[in-house]
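Participant: Structure in structure tokens, see below.
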Amino acid sequence: MLSAERLAAEWLETDGLGGFASGTVAGWRTRRYHGLLTPAVAPPTGRAVLVDGFDAWIDIEGQSYPLSAQRYHPDVTHPAGHESIIDFRIDPWPTWTWSVGDGIVVEQSLFLPHETSSIVISWSLKTPRDGVRLRVRPFLSGRDSHALHHQNDDLDTGATIEQRDTEQTVRWRPYSSQPGVVSRANASYAHDPVWFRNFLLEEERARGFEATEDLWSPGQHGWSLSGGEAIWHLSAETGADAGQSDRGVESLSETVDRLRATEAARRKRFPSPLHRAADAYIVRRGSGKTIIAGYPWFTDWGRDTFISLRGLCLSGARLDDAEAILCEWAGAVDEGMLPNRFVEQGDAPEFNAVDASLWFVVAVHDFFRVSLAQKRRIRATVRRALESAILAILDGYVRGTRYGIGMDDDGLLRAGMPGVQLTWMDAKVGDWVVTPRIGKPVEIQALWINALRIGTPLSRQYAALAARAEQSFNTRFWLGNGCLADVVDPDGKSGTVDPTFRPNQLYAVGGLPFAIVDMERGRSIVDAVESSLWTPLGPRSLAPDEPGYVPYYEGGPVQRDGAYHMGTVWPFLSGPFVEAWVRVRGATPAAKSEARRRFLKPLLEHLDVAGIGHLSEIADAEHPHTPRGCPFQAWSVGEVLRLSNDVLASAETTALAPRARSITGARRR
């Protein structure tokens, strides 16, 4: 049997459209988001949980042995198939091995074919044996992925069944408001509708949410495992499934063989586990591309997209995807701002981010830099669109725009108004803004000065503005104790500072194309952050000796949001920290080697802990630094990939141009 920690770990499969399958190694669902078939009905959004899971048994000689495990309220486990799991791996896709009965070894694997709203699940005997049968009873809901399901009289319990040779196709559509489910299997099917009640979702309970739900099971599939591989192909009738074929031409086994071969070949092209993890977040949006901020509950958000893009795409050798994503956003600039999420039909744009637009400028700069280094030609129309977006952002911020955002007389960027949180420290509970940072936050100034320097080749005026802002920054933010203030002019109180010790000051030294403090000050900042904030999973968001420090991210929504930026560790901040740490040591091969050993290695070890193959959104501030929040987070993976392939790459292996290079060949105005 696997260890309790391994059984609790989560796996993830994505389809390239925003849909996914996920669960625990043990098999029971602990989140409302865990499910087998969760397509994005309006890619990459509108996720619906159609098939939540299944129970499975091996039958031989009158005995039944479970392969599945479920948790029911109150804390009942039935069946207990997890006790027979002897192996689990994710390469090339999630695969379980059980040993049951008298030496019967069964293997189950599943994968999502790329850009289809479908999943392929298969079982096979690893030890030949006569008379072995497999039974599978699926659990369905048909709900929004954020909701829960309960027994009701509105559900349609019907099914349509088609028989073709040795395979059956069954269609279920519990609710007309959600897509139907198509089940193809080389099995028999017996329709036997029944409700299963009070499934317990332990993570929901721990997070202070409703934690029980009911699922509907339409019937049961049966296979003879002794006769060969059991195949089950589930798909959503969304119109997005490219994996379906003309059944008059292609059998189920032929379909699955084709999908399996295509997907295996696609995954083999990833040069490392980090590149493979990165692929999960880059999805289709219409004819373009976007980045999912994290699974299982996030979609695509502006700030997350541009921070993540540099690692996921630029360090991940996906320049075409980077171009598509940046072009998708370039046309959305309004009054100098980019919305902090893509706007769905009927939704009003949300511009509640001062930094999203500035991160876009940085991402474009790095896209141009890497394209130049790799001698990749950028079409003139693309260059014009991206440069025009940069100019619109900078001009909008110089003039002033929403939420009090605008350049002040000292050249720095002010931002904020009561009740609105505009920086990445964006936790808000009702009217309570947990970390109000109205004024001139330190990382916003680092982004602003970098953006002005990036824009200088496009317009000469920005050179003087950047110089003024940089001088003001070094005068006003330096505290004299070896650190930078977190906010200058807090709450509009001119001449005052908020000295709270947070990791945001790292961006003045690393994490951006240009450092804006000298290396002597930079070394002092980095040393202080390492001493007070660094953990094996990245920097804390607040020093332990500061008022309000929260060591553990636990409790209900109010408690957790109150802890979100009050000590909680954020792995994505490893990017600016490690880059700053290396920069102040001259970026020597020895410094890079030491940084790999001391800082990168523990982060890579986390790939096998919580969300297997990925990095978590956050972790507790204190030992043992339990992973929390979203178990599959784009900017955590992106920044670690950027560190591994770019920041810590040796001069002999890196293909990237120097990081201090600005846009080359840009036109002045």
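Following the order of the structure tokens, chains are lettered A, B, ..., residues in each are numbered from 1, and ligands are numbered from 1.
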Compile the contact shell of range 142-149 of chain A as a ChimeraX atom specification: residues with an atom at most 8 Å away, counting only C-alpha atoms, same-chain residues fewer than 4 positions apart removed.
Facilitator: /A:32-33,38,46-51,174-175,178-179,212-215,297
Participant: Would you export the selected residues with N, CA and C atoms as a CSV table (one decimal), in the first residue's frame, please?
Facilitator:
chain,number,residue,atom,x,y,z
A,32,ARG,N,-14.7,19.7,-4.6
A,32,ARG,CA,-15.9,19.7,-5.6
A,32,ARG,C,-15.4,19.7,-7.0
A,33,TYR,N,-14.1,20.1,-7.2
A,33,TYR,CA,-13.6,20.2,-8.6
A,33,TYR,C,-13.0,18.8,-9.1
A,38,THR,N,-14.6,17.1,-17.0
A,38,THR,CA,-14.9,18.4,-16.6
A,38,THR,C,-14.6,19.3,-17.8
A,46,GLY,N,-16.5,28.2,-18.4
A,46,GLY,CA,-17.8,27.5,-18.4
A,46,GLY,C,-17.6,26.0,-18.1
A,47,ARG,N,-16.7,25.7,-17.1
A,47,ARG,CA,-16.5,24.3,-16.8
A,47,ARG,C,-17.7,23.6,-16.1
A,48,ALA,N,-18.0,22.4,-16.6
A,48,ALA,CA,-19.1,21.7,-16.0
A,48,ALA,C,-18.6,20.3,-15.7
A,49,VAL,N,-18.9,19.9,-14.4
A,49,VAL,CA,-18.5,18.5,-14.0
A,49,VAL,C,-19.6,17.6,-14.5
A,50,LEU,N,-19.3,16.7,-15.5
A,50,LEU,CA,-20.3,15.8,-16.0
A,50,LEU,C,-20.2,14.4,-15.4
A,51,VAL,N,-19.0,13.9,-15.4
A,51,VAL,CA,-18.7,12.6,-14.8
A,51,VAL,C,-17.8,12.8,-13.6
A,174,PRO,N,-28.3,14.1,-17.9
A,174,PRO,CA,-29.1,14.3,-16.7
A,174,PRO,C,-29.9,15.6,-16.8
A,175,TYR,N,-29.2,16.7,-17.3
A,175,TYR,CA,-29.9,18.0,-17.3
A,175,TYR,C,-29.7,18.6,-18.7
A,178,GLN,N,-26.9,21.3,-19.5
A,178,GLN,CA,-25.5,20.9,-19.6
A,178,GLN,C,-25.3,19.9,-20.7
A,179,PRO,N,-24.1,19.8,-21.3
A,179,PRO,CA,-23.9,18.9,-22.3
A,179,PRO,C,-24.1,17.4,-21.9
A,212,THR,N,-20.7,18.0,1.5
A,212,THR,CA,-21.3,16.7,1.1
A,212,THR,C,-22.1,16.9,-0.2
A,213,GLU,N,-22.2,15.9,-1.0
A,213,GLU,CA,-23.0,16.0,-2.2
A,213,GLU,C,-23.5,14.6,-2.6
A,214,ASP,N,-24.5,14.6,-3.4
A,214,ASP,CA,-25.1,13.3,-3.9
A,214,ASP,C,-24.8,13.2,-5.4
A,215,LEU,N,-24.6,12.0,-5.9
A,215,LEU,CA,-24.3,11.7,-7.3
A,215,LEU,C,-25.2,10.7,-7.8
A,297,TRP,N,-9.6,25.7,-9.8
A,297,TRP,CA,-10.7,26.7,-9.8
A,297,TRP,C,-10.4,28.0,-10.6
Participant: Give me the residues near Leu274 in chain A as a PDB file with N, CA and C atoms, in the first residue's frame, where near means some atom within 12 Å (using only C-alpha atoms) and where sequence neighbours in that chain fewer than 4 positions away do not count.
Facilitator:
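Wrote it out as part_14.pdb, contents follow:
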ATOM      1  N   ARG A 267       3.478  14.143 -25.927  1.00  0.00           N
ATOM      2  CA  ARG A 267       4.093  14.308 -24.607  1.00  0.00           C
ATOM      3  C   ARG A 267       5.585  14.000 -24.622  1.00  0.00           C
ATOM      4  N   PHE A 270       8.138  16.992 -24.926  1.00  0.00           N
ATOM      5  CA  PHE A 270       8.504  17.895 -23.840  1.00  0.00           C
ATOM      6  C   PHE A 270       9.886  17.523 -23.323  1.00  0.00           C
ATOM      7  N   ALA A 278       4.175  22.869 -17.729  1.00  0.00           N
ATOM      8  CA  ALA A 278       3.822  24.146 -18.345  1.00  0.00           C
ATOM      9  C   ALA A 278       2.719  23.987 -19.381  1.00  0.00           C
ATOM     10  N   ASP A 279       2.735  22.888 -20.094  1.00  0.00           N
ATOM     11  CA  ASP A 279       1.757  22.664 -21.164  1.00  0.00           C
ATOM     12  C   ASP A 279       0.328  22.679 -20.642  1.00  0.00           C
ATOM     13  N   ALA A 280       0.121  22.302 -19.396  1.00  0.00           N
ATOM     14  CA  ALA A 280      -1.234  22.229 -18.859  1.00  0.00           C
ATOM     15  C   ALA A 280      -1.925  23.581 -18.824  1.00  0.00           C
ATOM     16  N   TYR A 281      -1.157  24.661 -18.718  1.00  0.00           N
ATOM     17  CA  TYR A 281      -1.740  25.984 -18.509  1.00  0.00           C
ATOM     18  C   TYR A 281      -1.980  26.761 -19.800  1.00  0.00           C
ATOM     19  N   GLY A 311       8.005  32.341 -18.111  1.00  0.00           N
ATOM     20  CA  GLY A 311       8.533  31.009 -17.854  1.00  0.00           C
ATOM     21  C   GLY A 311       7.883  29.953 -18.708  1.00  0.00           C
ATOM     22  N   LEU A 312       6.539  29.933 -18.711  1.00  0.00           N
ATOM     23  CA  LEU A 312       5.820  28.883 -19.426  1.00  0.00           C
ATOM     24  C   LEU A 312       6.104  28.897 -20.917  1.00  0.00           C
ATOM     25  N   CYS A 313       6.187  30.088 -21.499  1.00  0.00           N
ATOM     26  CA  CYS A 313       6.346  30.196 -22.954  1.00  0.00           C
ATOM     27  C   CYS A 313       7.771  30.555 -23.379  1.00  0.00           C
ATOM     28  N   SER A 315      10.738  30.710 -21.577  1.00  0.00           N
ATOM     29  CA  SER A 315      11.732  29.736 -21.130  1.00  0.00           C
ATOM     30  C   SER A 315      11.325  28.318 -21.518  1.00  0.00           C
ATOM     31  N   GLY A 316      10.073  28.160 -21.903  1.00  0.00           N
ATOM     32  CA  GLY A 316       9.554  26.852 -22.290  1.00  0.00           C
ATOM     33  C   GLY A 316       9.579  26.590 -23.768  1.00  0.00           C
ATOM     34  N   ALA A 317      10.274  27.441 -24.544  1.00  0.00           N
ATOM     35  CA  ALA A 317      10.444  27.254 -25.991  1.00  0.00           C
ATOM     36  C   ALA A 317       9.106  27.235 -26.718  1.00  0.00           C
ATOM     37  N   LEU A 603      12.491  23.317  -4.474  1.00  0.00           N
ATOM     38  CA  LEU A 603      11.291  23.601  -5.258  1.00  0.00           C
ATOM     39  C   LEU A 603      10.986  22.463  -6.219  1.00  0.00           C
ATOM     40  N   LEU A 604      12.019  21.923  -6.858  1.00  0.00           N
ATOM     41  CA  LEU A 604      11.813  20.810  -7.779  1.00  0.00           C
ATOM     42  C   LEU A 604      11.349  19.560  -7.040  1.00  0.00           C
ATOM     43  N   GLU A 605      11.812  19.391  -5.809  1.00  0.00           N
ATOM     44  CA  GLU A 605      11.359  18.237  -5.017  1.00  0.00           C
ATOM     45  C   GLU A 605       9.869  18.327  -4.719  1.00  0.00           C
ATOM     46  N   HIS A 606       9.326  19.532  -4.698  1.00  0.00           N
ATOM     47  CA  HIS A 606       7.900  19.717  -4.441  1.00  0.00           C
ATOM     48  C   HIS A 606       7.039  19.186  -5.590  1.00  0.00           C
ATOM     49  N   LEU A 607       7.634  18.979  -6.761  1.00  0.00           N
ATOM     50  CA  LEU A 607       6.880  18.476  -7.905  1.00  0.00           C
ATOM     51  C   LEU A 607       6.225  17.135  -7.620  1.00  0.00           C
ATOM     52  N   ASP A 608       6.692  16.419  -6.630  1.00  0.00           N
ATOM     53  CA  ASP A 608       6.173  15.083  -6.350  1.00  0.00           C
ATOM     54  C   ASP A 608       5.366  15.033  -5.059  1.00  0.00           C
ATOM     55  N   ILE A 612       0.831  16.540  -8.150  1.00  0.00           N
ATOM     56  CA  ILE A 612       1.974  15.788  -8.688  1.00  0.00           C
ATOM     57  C   ILE A 612       2.382  16.323 -10.063  1.00  0.00           C
ATOM     58  N   GLY A 613       3.688  16.654 -10.169  1.00  0.00           N
ATOM     59  CA  GLY A 613       4.231  17.190 -11.406  1.00  0.00           C
ATOM     60  C   GLY A 613       4.156  18.699 -11.502  1.00  0.00           C
ATOM     61  N   HIS A 614       3.569  19.348 -10.482  1.00  0.00           N
ATOM     62  CA  HIS A 614       3.351  20.792 -10.514  1.00  0.00           C
ATOM     63  C   HIS A 614       3.787  21.412  -9.193  1.00  0.00           C
ATOM     64  N   LEU A 615       3.616  22.736  -9.093  1.00  0.00           N
ATOM     65  CA  LEU A 615       3.898  23.445  -7.850  1.00  0.00           C
ATOM     66  C   LEU A 615       2.634  24.139  -7.371  1.00  0.00           C
ATOM     67  N   ALA A 634       0.000  28.224 -12.228  1.00  0.00           N
ATOM     68  CA  ALA A 634       0.779  28.575 -13.414  1.00  0.00           C
ATOM     69  C   ALA A 634       2.022  29.390 -13.082  1.00  0.00           C
ATOM     70  N   SER A 636       3.667  29.676 -10.340  1.00  0.00           N
ATOM     71  CA  SER A 636       4.649  28.903  -9.574  1.00  0.00           C
ATOM     72  C   SER A 636       5.492  28.052 -10.513  1.00  0.00           C
ATOM     73  N   VAL A 637       4.831  27.332 -11.412  1.00  0.00           N
ATOM     74  CA  VAL A 637       5.548  26.517 -12.397  1.00  0.00           C
ATOM     75  C   VAL A 637       6.361  27.409 -13.330  1.00  0.00           C
ATOM     76  N   GLY A 638       5.764  28.505 -13.787  1.00  0.00           N
ATOM     77  CA  GLY A 638       6.442  29.381 -14.740  1.00  0.00           C
ATOM     78  C   GLY A 638       7.721  29.981 -14.196  1.00  0.00           C
ATOM     79  N   GLU A 639       7.676  30.470 -12.964  1.00  0.00           N
ATOM     80  CA  GLU A 639       8.868  31.089 -12.405  1.00  0.00           C
ATOM     81  C   GLU A 639       9.971  30.066 -12.123  1.00  0.00           C
ATOM     82  N   VAL A 640       9.601  28.860 -11.721  1.00  0.00           N
ATOM     83  CA  VAL A 640      10.628  27.834 -11.513  1.00  0.00           C
ATOM     84  C   VAL A 640      11.222  27.398 -12.848  1.00  0.00           C
ATOM     85  N   LEU A 641      10.405  27.320 -13.881  1.00  0.00           N
ATOM     86  CA  LEU A 641      10.933  27.004 -15.216  1.00  0.00           C
ATOM     87  C   LEU A 641      11.851  28.122 -15.709  1.00  0.00           C
ATOM     88  N   ARG A 642      11.479  29.374 -15.444  1.00  0.00           N
ATOM     89  CA  ARG A 642      12.331  30.503 -15.838  1.00  0.00           C
ATOM     90  C   ARG A 642      13.664  30.462 -15.099  1.00  0.00           C
ATOM     91  N   LEU A 643      13.625  30.127 -13.815  1.00  0.00           N
ATOM     92  CA  LEU A 643      14.872  29.999 -13.065  1.00  0.00           C
ATOM     93  C   LEU A 643      15.747  28.896 -13.648  1.00  0.00           C
ATOM     94  N   SER A 644      15.152  27.743 -13.876  1.00  0.00           N
ATOM     95  CA  SER A 644      15.912  26.581 -14.330  1.00  0.00           C
ATOM     96  C   SER A 644      16.519  26.789 -15.705  1.00  0.00           C
ATOM     97  N   ASN A 645      15.750  27.357 -16.634  1.00  0.00           N
ATOM     98  CA  ASN A 645      16.183  27.420 -18.034  1.00  0.00           C
ATOM     99  C   ASN A 645      16.786  28.746 -18.434  1.00  0.00           C
TER     100      ASN A 645
END
Participant: When you draw a straight line from CA of Trp223 in chain A to CA of Glu250 in chain A, how long is it in Å?
Facilitator: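 CA of Trp223 in chain A sits 20.6 Å away from CA of Glu250 in chain A.
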Participant: Tell me which of A:Trp172, A:Trp93, A:Trp232, A:Tyr507 sits closest to Ser122 in chain A, counting only C-alpha atoms.
Facilitator: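 Looking at the shortest contact to Ser122 in chain A, the residue is A:Trp232.
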Participant: Do you know which residues are at most 9 Å from range 104-119 of chain A counting only C-alpha atoms, after dropping those on the same chain fewer than 3 positions away, and could you put them as a PyMOL selection string?
Facilitator: chain A and resi 13-17+19-21+36-41+58+67+92-101+122-129+132+232-244+259-260+262-263+266+283-284
Participant: Out of range 528-662 of chain A, which residues get strand (DSSP E) from DSSP, as a list in words?
Facilitator: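 Checking each residue of range 528-662 of chain A, the strand (DSSP E) ones are Trp534, Thr535, Gly538, Pro539, Ile618, Ala619, Pro627, Arg628, Phe632 and Gln633 of chain A.
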Participant: At a cut-off of 12 Å, using only C-alpha atoms, what residues contact Gly416 in chain A? Leave out same-chain residues fewer than 2 positions from it and give the result as a short mmCIF file (atom, residue, chain, number, x, y, z; two decimals) with C-alpha atoms, in the first residue's frame.
Facilitator:
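Listing of result12.cif after writing:
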data_model
loop_
_atom_site.label_atom_id
_atom_site.label_comp_id
_atom_site.auth_asym_id
_atom_site.auth_seq_id
_atom_site.Cartn_x
_atom_site.Cartn_y
_atom_site.Cartn_z
CA ASN A 352 -8.84 46.09 -10.75
CA ALA A 353 -5.10 45.66 -11.28
CA VAL A 354 -2.50 48.40 -11.49
CA ASP A 355 0.25 45.90 -12.31
CA GLY A 400 -3.78 59.16 -15.17
CA THR A 401 -6.53 56.58 -15.33
CA ARG A 402 -8.94 54.59 -13.16
CA TYR A 403 -8.67 54.10 -9.39
CA GLY A 404 -6.33 57.04 -8.89
CA ILE A 405 -3.59 55.44 -10.99
CA GLY A 406 -1.23 58.01 -12.45
CA LEU A 413 3.26 55.86 -9.88
CA ARG A 414 0.50 56.40 -7.36
CA PRO A 418 -10.55 52.96 -0.47
CA GLY A 419 -12.23 49.58 -0.87
CA VAL A 420 -10.23 48.52 -3.94
CA GLN A 421 -7.10 46.40 -3.93
CA LEU A 422 -5.01 46.86 -7.08
CA THR A 423 -1.76 44.99 -6.41
CA ASP A 426 -5.46 41.41 -3.51
CA VAL A 433 -9.26 44.96 2.17
CA PRO A 436 -4.45 47.96 1.82
CA ARG A 437 -1.57 49.40 -0.16
CA ILE A 438 -2.95 52.71 -1.42
CA GLY A 439 -0.12 55.03 -2.37
CA LYS A 440 3.10 54.00 -4.10
CA PRO A 441 3.79 50.28 -3.55
CA ILE A 444 4.67 48.84 -8.68
CA VAL A 487 4.65 51.64 0.36
CA ASP A 489 2.88 57.94 0.71
CA PRO A 490 0.51 55.30 2.13
CA ASP A 491 -3.15 56.34 2.02
CA GLY A 492 -2.08 59.52 0.23
#
Participant: Pick from A:Val362, A:Val120, A:Ala187, A:Ile307: nearest to Trp424 in chain A, with only C-alpha atoms counted?
Facilitator: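 Ranking A:Val362, A:Val120, A:Ala187, A:Ile307 by distance to Trp424 in chain A, first place goes to A:Ile307.
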Participant: For Ser226 in chain A, which of A:Val25, A:Leu134, A:Arg205, A:Tyr72 is the closest residue, counting only C-alpha atoms?
Facilitator: A:Leu134
Participant: Ranking A:Val333, A:Ala363, A:Val509, A:Val370 by minimum distance to Ile393 in chain A and counting only C-alpha atoms, which one comes first?
Facilitator: A:Val333
Participant: What separation in Å, quoted to one decimal, exists between CA of His191 in chain A and CA of Gly219 in chain A?
Facilitator: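 Those two atoms sit 4.3 Å apart.
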